[in-house]
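Report on the structure given below.
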There are 2 protein chains.
Amino acid sequence: MSSSPVLDATHDPRRRSWVPVPPGSDFPIQNLPYGIFRCGGSPPRVGIAIGEFVLDLATLDAAGIFRGTPLDGQPLFERASLNPLLALGGAAWRAARRRISDLLDEASPELQGNERLRDAALVPQASATLMLPVEIGDYTDFYSSREHATNVGVMFRGPDNALMPNWLHLPVGYHGRASSVVVSGTPVRRPCGQTLPDGAAAPAFGPSRQLDFELEVGLFTGPGNALGQPIPLAGAHEAIFGFVLVNDWSARDIQKWEYQPLGPFLAKNFATSISPWVVTLDALLPFRVAGPRQDDPAPLPYLSESEPWSFDIALEVWLKTARMGERARIARSNHRHLYWNVRQQVAHHTVTGCNLRPGDLLASGTISGPTKDSRGSLLELSWRGTEPLALPSGETRTFLEDGDELTITGFAAKDGVRVGFGEVAGTVLPAHP
Amino acid sequence: MSSSPVLDATHDPRRRSWVPVPPGSDFPIQNLPYGIFRCGGSPPRVGIAIGEFVLDLATLDAAGIFRGTPLDGQPLFERASLNPLLALGGAAWRAARRRISDLLDEASPELQGNERLRDAALVPQASATLMLPVEIGDYTDFYSSREHATNVGVMFRGPDNALMPNWLHLPVGYHGRASSVVVSGTPVRRPCGQTLPDGAAAPAFGPSRQLDFELEVGLFTGPGNALGQPIPLAGAHEAIFGFVLVNDWSARDIQKWEYQPLGPFLAKNFATSISPWVVTLDALLPFRVAGPRQDDPAPLPYLSESEPWSFDIALEVWLKTARMGERARIARSNHRHLYWNVRQQVAHHTVTGCNLRPGDLLASGTISGPTKDSRGSLLELSWRGTEPLALPSGETRTFLEDGDELTITGFAAKDGVRVGFGEVAGTVLPAHP
């Protein structure tokens with residue numbers, strides 16, 4: 001349970017697939033992310049991205065490809081969610097990865113040489129509709145970027161009290177809304193709600209005027225734990241299946257008025273967007289790095305981390321207004337900036353005995369970096385609206401306008417291998433009249 | 001959608017069942033609450049409480065009892081949750097209520113005279129195991145009692161700033177943890193976590209020393225709404241299937257240290273207990289009352305209520321320590337004290353477009369009343385530990401001790417009819433060493 005995972009042949013940078021993978025693709029044979037897709041009127045099923053194709057695991061399973069593995073004989077792939085696969089745990093996930101990597105290896109004739117099965121199992125991504133990959137049980141959102149928490153703290157409380165006293169001692173988090181998590185491409189309706197206009201004595205009702213994005217990375221949990229049984233940090237990585245990009249849309253003006261004393265509620269319950277491909281923890285193992293030092297103060301023993309469990313994932317934010325021909329990059333950050341890592345988040349979340357279930361979503365919180373261009377929200381990029389962002393179109397932005405399309409991309413790269421996430425995108429629709 | 005519901009023959013106080021209903025029973029023919037039960041090794045199924053029996057709806061359905069109703073031909077009752085029934089909506093719920101009420105009416109020979117079916121369908125509650133009745137999607141916890149919010153505010157911020165500026169303008173709420181909602185009778189393990197001891201500069205880790213209960217009533221949602229489509233207040237009652245008693249266990253010392261700025265997280269994620277029988281909105285219609293006046297300030301139009309949508313539900317809290325022979329009542333409150341009613345909660349929750357799904361749980365927040373003995377938590381009853389509660393055993397309590405059993409009961413009564421909830425109970429287990 002608590003042994004540190006090792007790299008194997010599936011991570012070998014020299015491995016190539018017989019499926020063509022264009023240069024710069026997010027989906028080489030070293031990645032193999034999972035998603036749920038549909039073609040035409042057929043029912044949803046589990047697929048894996050390879051180059052510009054989706055590998056249809058339901059079709060492969062029906063052809064007996066998983067015989068002799070822990071995945072055989074289970075209704076895992078002709079499903080509308082990854083949850084049954086998530087429930088199986090690490091041994092099964094790794095067996096699936098090995099089997100699929102071997103099948104796609106350019107040296108393997110098994111599927112490559114079976115024209116009928118190959119044609120049935122390889123679907124062009126362009127003709128597939130990607131769906132929400134997981135039936136999300138509970139959605140937790142952390143607040144684990146020191147730079148983000150500091151920026152927000154400086155703006156709202158001044159530099160002397162920027163970080164709350166608890167922040168360096170525990171990964172602050174809160175419960176989010178699971179029902180409104182949507183897959184990339186889903187338009188997002190500008191929410192209406194209560195706000196307290198500057199100088200007003202009473203609140204007003206109307207469309208939010210401070211609609212924002214938050215650049216985050218989320219993880220999906222595997223088998224989880226029984227109620228009352230914490231997951232110790234040393235084995236917490238075994239509770240993680242994989243990762244997606246997350247845009248935690250936020251209405252800052254609604255949030256400001258409502259959030260005391262119980263935290264954000266309506267300001268974030270209208271939509272949270274995620275990328276459709278779940279990049280597995282296994283695929284990200286080569287990109288592990290140490291996070292920021294934690295010695296002032298040192299965390300309590302149950303949160304004390306001695307292994308490198310941050311990830312070198314380059315993250316980029318792109319904005320395209322209705323007037324722009326192409327999107328412009330407005331921020332660059334990296335997952336490695338996070339102060340609290342994913343094992344610490346899992347250990348803290350469960351230390352009370354709280355149970356995680358297959359398919360819970362734990363998001364990082366906004367990932368801001370140390371530089372001005374690495375801030376992960378418009379709140380920070382425009383410094384609460386005081387420094388409007390200049391766009392190539394000549395337009396400016398403090399917060400999102402109707403028609404704006406916001407896209408987050410992410411990838412890890414090393415030794416010529418690029419393990420990417422694809423993207424999470426969403427366009428802002430005007431509020432209901 | 002928005003017409004106010006009316007009473008019918010199922011509410012007639014004179015109606016009696018041929019199933020014996022002892023005096024003082026919570027479950028006369030006017031109630032008919034739904035639950036999920038199991039007998040021996042048989043699979044879970046849907047039942048209705050009547051007197052001291054469970055009416056097995058799966059058995060009745062298989063016998064064709066629902067033929068000609070909207071419930072016919074649907075796999076609703078041989079299920080481990082009420083969710084498929086919740087998804088159907090008000091017309092089907094009312095048809096079920098009428099059909100079952102008629103079947104159980106002392107004047108009806110149909111089931112009463114069918115000895116074989118009757119014996120198969122009536123299970124003594126004593127031989128049934130009651131289970132969590134709903135597969136909960138999202139769990140939202142409101143903070144809708146003015147007295148509770150005021151008490152907490154006075155204790156932590158003083159009498160001048162007791163209520164936050166937003167409190168009288170909107171039903172403050174936050175997302176809770178759905179995975180750890182458990183059915184009455186489930187023991188609750190004292191959680192461990194971080195706290196900041198009085199006067200200490202750094203936090204400590206260990207079992208919570210301020211474990212508390214919260215007296216609440218929760219509602220389960222019906223069909224819900226599509227993302228982006230708010231539910232207006234005038235029809236919001238149609239989104240509500242029924243109600244349960246809720247004990248929102250809380251670790252006050254963990255809460256105090258962690259909750260800034262994003263709200264309670266670990267302090268409440270270890271367990272929330274609910275009563276097993278879901279008392280329908282339909283059964284509670286005779287007990288509707290107006291809530292507190294809302295004219296200083298008047299709510300914004302989307303929250304403006306002109307109908308009586310509070311309920312006269314008497315609520316009692318009982319404590320039994322390991323040394324006590326029988327439980328002692330430590331608080332009495334009433335659902336009607338709530339400042340924000342259930343239609344306002346639903347309308348506010350969805351005004352941003354947030355989607356409710358069948359089986360979401362919306363809890364009221366602690367229901368305290370105007371008197372000292374109507375406070376709905378030990379935090380308030382012991383005034384933050386300064387006024388220990390004296391028990392008949394000679395013991396005192398500021399917060400819960402290991403071995404304490406906490407029980408909440410609730411019922412509505414009028415015209416000789418008692419529509420009760422049964423109880424939600426839980427015993428505190430010692431923390432893991």
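Residue numbering restarts at 1 in every chain; chains get A, B, ... in the order shown in the structure tokens, and ligands count up from 1 in that same order.
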Kindly provide, as number ranges by chain, the residues of chain B having any atom no farther than 8 Å from an atom of chain A, counting only C-alpha atoms. B: 137-138, 164, 166, 169, 172-180, 189-193, 203-205, 227-228, 257-266, 269-271, 300, 349, 351-357
Nearby residues (only C-alpha atoms) at most 8 Å from range 209-217 of chain B, same-chain spacing under 2 positions excluded, as a ChimeraX atom specification: /B:190,207,219,243-253,317,335,363-368,376-379,399-401,406,408
Among range 115-305 of chain A, which ones does DSSP assign to alpha helix (DSSP H) (computed from the backbone)? Answer as a ChimeraX atom specification. /A:115-121,146-157,252-258,281-284
Using N, CA and C atoms, can you export the residues from the last selection as a compact mmCIF listing (two decimals), in the first residue's frame?
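Output (selection_22.txt):
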# COMPACT_ATOMS: atom_id res chain seq x y z
N GLU A 115 -7.23 -6.39 -38.83
CA GLU A 115 -7.81 -5.23 -39.49
C GLU A 115 -9.24 -4.96 -39.06
N ARG A 116 -10.02 -6.05 -38.94
CA ARG A 116 -11.43 -5.88 -38.62
C ARG A 116 -11.60 -5.26 -37.21
N LEU A 117 -10.92 -5.85 -36.24
CA LEU A 117 -11.02 -5.35 -34.87
C LEU A 117 -10.42 -3.95 -34.74
N ARG A 118 -9.29 -3.75 -35.40
CA ARG A 118 -8.60 -2.46 -35.36
C ARG A 118 -9.52 -1.35 -35.88
N ASP A 119 -10.15 -1.60 -37.00
CA ASP A 119 -11.03 -0.58 -37.58
C ASP A 119 -12.25 -0.34 -36.69
N ALA A 120 -12.70 -1.40 -36.03
CA ALA A 120 -13.87 -1.23 -35.15
C ALA A 120 -13.50 -0.49 -33.87
N ALA A 121 -12.26 -0.67 -33.42
CA ALA A 121 -11.88 -0.15 -32.09
C ALA A 121 -11.25 1.23 -32.14
N ARG A 146 -0.15 28.79 -2.30
CA ARG A 146 0.23 29.86 -1.37
C ARG A 146 0.17 31.23 -2.06
N GLU A 147 0.60 31.27 -3.33
CA GLU A 147 0.59 32.53 -4.05
C GLU A 147 -0.84 33.03 -4.25
N HIS A 148 -1.75 32.12 -4.59
CA HIS A 148 -3.15 32.53 -4.77
C HIS A 148 -3.75 33.03 -3.45
N ALA A 149 -3.56 32.25 -2.39
CA ALA A 149 -4.13 32.65 -1.10
C ALA A 149 -3.53 33.97 -0.64
N THR A 150 -2.25 34.16 -0.92
CA THR A 150 -1.60 35.42 -0.54
C THR A 150 -2.15 36.58 -1.35
N ASN A 151 -2.26 36.40 -2.67
CA ASN A 151 -2.81 37.47 -3.51
C ASN A 151 -4.20 37.89 -3.04
N VAL A 152 -5.06 36.90 -2.83
CA VAL A 152 -6.43 37.21 -2.39
C VAL A 152 -6.39 37.88 -1.03
N GLY A 153 -5.54 37.38 -0.15
CA GLY A 153 -5.43 37.95 1.19
C GLY A 153 -4.96 39.40 1.16
N VAL A 154 -3.97 39.68 0.34
CA VAL A 154 -3.47 41.06 0.23
C VAL A 154 -4.58 41.97 -0.27
N MET A 155 -5.31 41.52 -1.29
CA MET A 155 -6.37 42.36 -1.86
C MET A 155 -7.46 42.66 -0.85
N PHE A 156 -7.85 41.65 -0.06
CA PHE A 156 -9.02 41.84 0.81
C PHE A 156 -8.67 42.19 2.25
N ARG A 157 -7.45 41.87 2.70
CA ARG A 157 -7.13 42.14 4.11
C ARG A 157 -5.81 42.88 4.29
N ARG A 252 -17.46 36.71 -8.43
CA ARG A 252 -16.78 37.35 -7.29
C ARG A 252 -17.69 38.27 -6.50
N ASP A 253 -18.61 38.96 -7.20
CA ASP A 253 -19.47 39.91 -6.49
C ASP A 253 -20.50 39.18 -5.64
N ILE A 254 -21.01 38.05 -6.15
CA ILE A 254 -21.92 37.23 -5.35
C ILE A 254 -21.15 36.65 -4.15
N GLN A 255 -19.94 36.18 -4.43
CA GLN A 255 -19.12 35.57 -3.37
C GLN A 255 -18.83 36.55 -2.24
N LYS A 256 -18.50 37.76 -2.61
CA LYS A 256 -18.11 38.74 -1.60
C LYS A 256 -19.25 39.00 -0.59
N TRP A 257 -20.46 39.02 -1.10
CA TRP A 257 -21.62 39.33 -0.26
C TRP A 257 -22.10 38.13 0.55
N GLU A 258 -21.95 36.93 0.00
CA GLU A 258 -22.56 35.77 0.65
C GLU A 258 -21.63 34.97 1.55
N LEU A 281 -2.65 8.86 -12.72
CA LEU A 281 -1.48 9.07 -11.86
C LEU A 281 -0.30 8.30 -12.41
N ASP A 282 -0.56 7.08 -12.90
CA ASP A 282 0.53 6.27 -13.45
C ASP A 282 1.24 6.99 -14.60
N ALA A 283 0.48 7.63 -15.46
CA ALA A 283 1.09 8.31 -16.61
C ALA A 283 1.91 9.52 -16.17
N LEU A 284 1.60 10.07 -15.01
CA LEU A 284 2.28 11.28 -14.55
C LEU A 284 3.48 10.99 -13.66
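Checking B:Glu52, B:Gly291, B:Arg94, B:Phe241 one by one against Ser25 in chain B, counting only C-alpha atoms, you find the shortest gap at B:Glu52.
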Can you list, as a PyMOL selection string, every protein, DNA or RNA residue that comes within 9 Å of Ala331 in chain B when you count only C-alpha atoms, leaving out same-chain residues fewer than 3 positions away? chain B and resi 315-318+372-377+381
Dump of all heavy atoms for the selected residues, as an mmCIF file, in the first residue's frame:
data_model
loop_
_atom_site.group_PDB
_atom_site.id
_atom_site.type_symbol
_atom_site.label_atom_id
_atom_site.label_comp_id
_atom_site.auth_asym_id
_atom_site.auth_seq_id
_atom_site.Cartn_x
_atom_site.Cartn_y
_atom_site.Cartn_z
ATOM 1 N N LEU B 315 -39.924 19.445 17.899
ATOM 2 C CA LEU B 315 -38.637 18.751 17.833
ATOM 3 C C LEU B 315 -38.068 18.625 19.240
ATOM 4 O O LEU B 315 -38.118 19.589 20.018
ATOM 5 C CB LEU B 315 -37.664 19.550 16.945
ATOM 6 C CG LEU B 315 -38.133 19.750 15.501
ATOM 7 C CD1 LEU B 315 -37.342 20.875 14.833
ATOM 8 C CD2 LEU B 315 -37.999 18.447 14.721
ATOM 9 N N GLU B 316 -37.548 17.455 19.550
ATOM 10 C CA GLU B 316 -36.984 17.248 20.880
ATOM 11 C C GLU B 316 -35.631 16.563 20.775
ATOM 12 O O GLU B 316 -35.408 15.743 19.879
ATOM 13 C CB GLU B 316 -37.937 16.399 21.729
ATOM 14 C CG GLU B 316 -39.304 17.060 21.887
ATOM 15 C CD GLU B 316 -40.247 16.305 22.804
ATOM 16 O OE1 GLU B 316 -40.387 15.072 22.633
ATOM 17 O OE2 GLU B 316 -40.840 16.938 23.685
ATOM 18 N N VAL B 317 -34.754 16.920 21.695
ATOM 19 C CA VAL B 317 -33.412 16.337 21.733
ATOM 20 C C VAL B 317 -33.239 15.607 23.050
ATOM 21 O O VAL B 317 -33.577 16.146 24.110
ATOM 22 C CB VAL B 317 -32.330 17.433 21.600
ATOM 23 C CG1 VAL B 317 -30.940 16.800 21.552
ATOM 24 C CG2 VAL B 317 -32.576 18.292 20.372
ATOM 25 N N TRP B 318 -32.714 14.398 22.959
ATOM 26 C CA TRP B 318 -32.574 13.540 24.120
ATOM 27 C C TRP B 318 -31.125 13.067 24.232
ATOM 28 O O TRP B 318 -30.504 12.727 23.234
ATOM 29 C CB TRP B 318 -33.481 12.310 23.977
ATOM 30 C CG TRP B 318 -34.909 12.625 23.647
ATOM 31 C CD1 TRP B 318 -35.415 12.964 22.422
ATOM 32 C CD2 TRP B 318 -36.013 12.641 24.548
ATOM 33 N NE1 TRP B 318 -36.768 13.176 22.505
ATOM 34 C CE2 TRP B 318 -37.179 12.987 23.799
ATOM 35 C CE3 TRP B 318 -36.153 12.387 25.926
ATOM 36 C CZ2 TRP B 318 -38.445 13.086 24.386
ATOM 37 C CZ3 TRP B 318 -37.415 12.476 26.497
ATOM 38 C CH2 TRP B 318 -38.549 12.832 25.730
ATOM 39 N N LYS B 372 -34.224 29.554 26.248
ATOM 40 C CA LYS B 372 -32.962 28.887 26.554
ATOM 41 C C LYS B 372 -33.039 27.370 26.319
ATOM 42 O O LYS B 372 -32.073 26.760 25.876
ATOM 43 C CB LYS B 372 -32.613 29.180 28.015
ATOM 44 C CG LYS B 372 -31.146 29.197 28.314
ATOM 45 C CD LYS B 372 -30.856 29.858 29.651
ATOM 46 C CE LYS B 372 -29.440 29.529 30.090
ATOM 47 N NZ LYS B 372 -29.033 30.218 31.316
ATOM 48 N N ASP B 373 -34.194 26.791 26.637
ATOM 49 C CA ASP B 373 -34.310 25.338 26.499
ATOM 50 C C ASP B 373 -34.658 24.911 25.073
ATOM 51 O O ASP B 373 -34.867 23.739 24.808
ATOM 52 C CB ASP B 373 -35.333 24.778 27.489
ATOM 53 C CG ASP B 373 -36.754 25.147 27.103
ATOM 54 O OD1 ASP B 373 -36.931 26.116 26.314
ATOM 55 O OD2 ASP B 373 -37.692 24.475 27.580
ATOM 56 N N SER B 374 -34.708 25.886 24.153
ATOM 57 C CA SER B 374 -35.015 25.517 22.774
ATOM 58 C C SER B 374 -33.788 25.652 21.870
ATOM 59 O O SER B 374 -33.909 25.712 20.654
ATOM 60 C CB SER B 374 -36.160 26.389 22.233
ATOM 61 O OG SER B 374 -35.813 27.761 22.234
ATOM 62 N N ARG B 375 -32.621 25.697 22.474
ATOM 63 C CA ARG B 375 -31.391 25.814 21.687
ATOM 64 C C ARG B 375 -31.011 24.447 21.110
ATOM 65 O O ARG B 375 -31.021 23.458 21.825
ATOM 66 C CB ARG B 375 -30.271 26.373 22.551
ATOM 67 C CG ARG B 375 -30.569 27.795 23.013
ATOM 68 C CD ARG B 375 -29.541 28.284 24.016
ATOM 69 N NE ARG B 375 -29.840 29.667 24.417
ATOM 70 C CZ ARG B 375 -29.314 30.259 25.486
ATOM 71 N NH1 ARG B 375 -28.475 29.592 26.264
ATOM 72 N NH2 ARG B 375 -29.624 31.495 25.772
ATOM 73 N N GLY B 376 -30.643 24.438 19.849
ATOM 74 C CA GLY B 376 -30.484 23.178 19.125
ATOM 75 C C GLY B 376 -29.081 22.628 19.033
ATOM 76 O O GLY B 376 -28.791 21.841 18.109
ATOM 77 N N SER B 377 -28.188 23.017 19.952
ATOM 78 C CA SER B 377 -26.827 22.465 19.957
ATOM 79 C C SER B 377 -26.263 22.602 21.360
ATOM 80 O O SER B 377 -26.712 23.452 22.143
ATOM 81 C CB SER B 377 -25.930 23.226 18.975
ATOM 82 O OG SER B 377 -25.738 24.567 19.414
ATOM 83 N N LEU B 381 -26.552 25.389 24.226
ATOM 84 C CA LEU B 381 -27.144 24.981 25.506
ATOM 85 C C LEU B 381 -26.157 25.208 26.651
ATOM 86 O O LEU B 381 -26.563 25.585 27.761
ATOM 87 C CB LEU B 381 -27.557 23.508 25.454
ATOM 88 C CG LEU B 381 -28.796 23.194 24.597
ATOM 89 C CD1 LEU B 381 -28.895 21.691 24.323
ATOM 90 C CD2 LEU B 381 -30.080 23.690 25.279
#
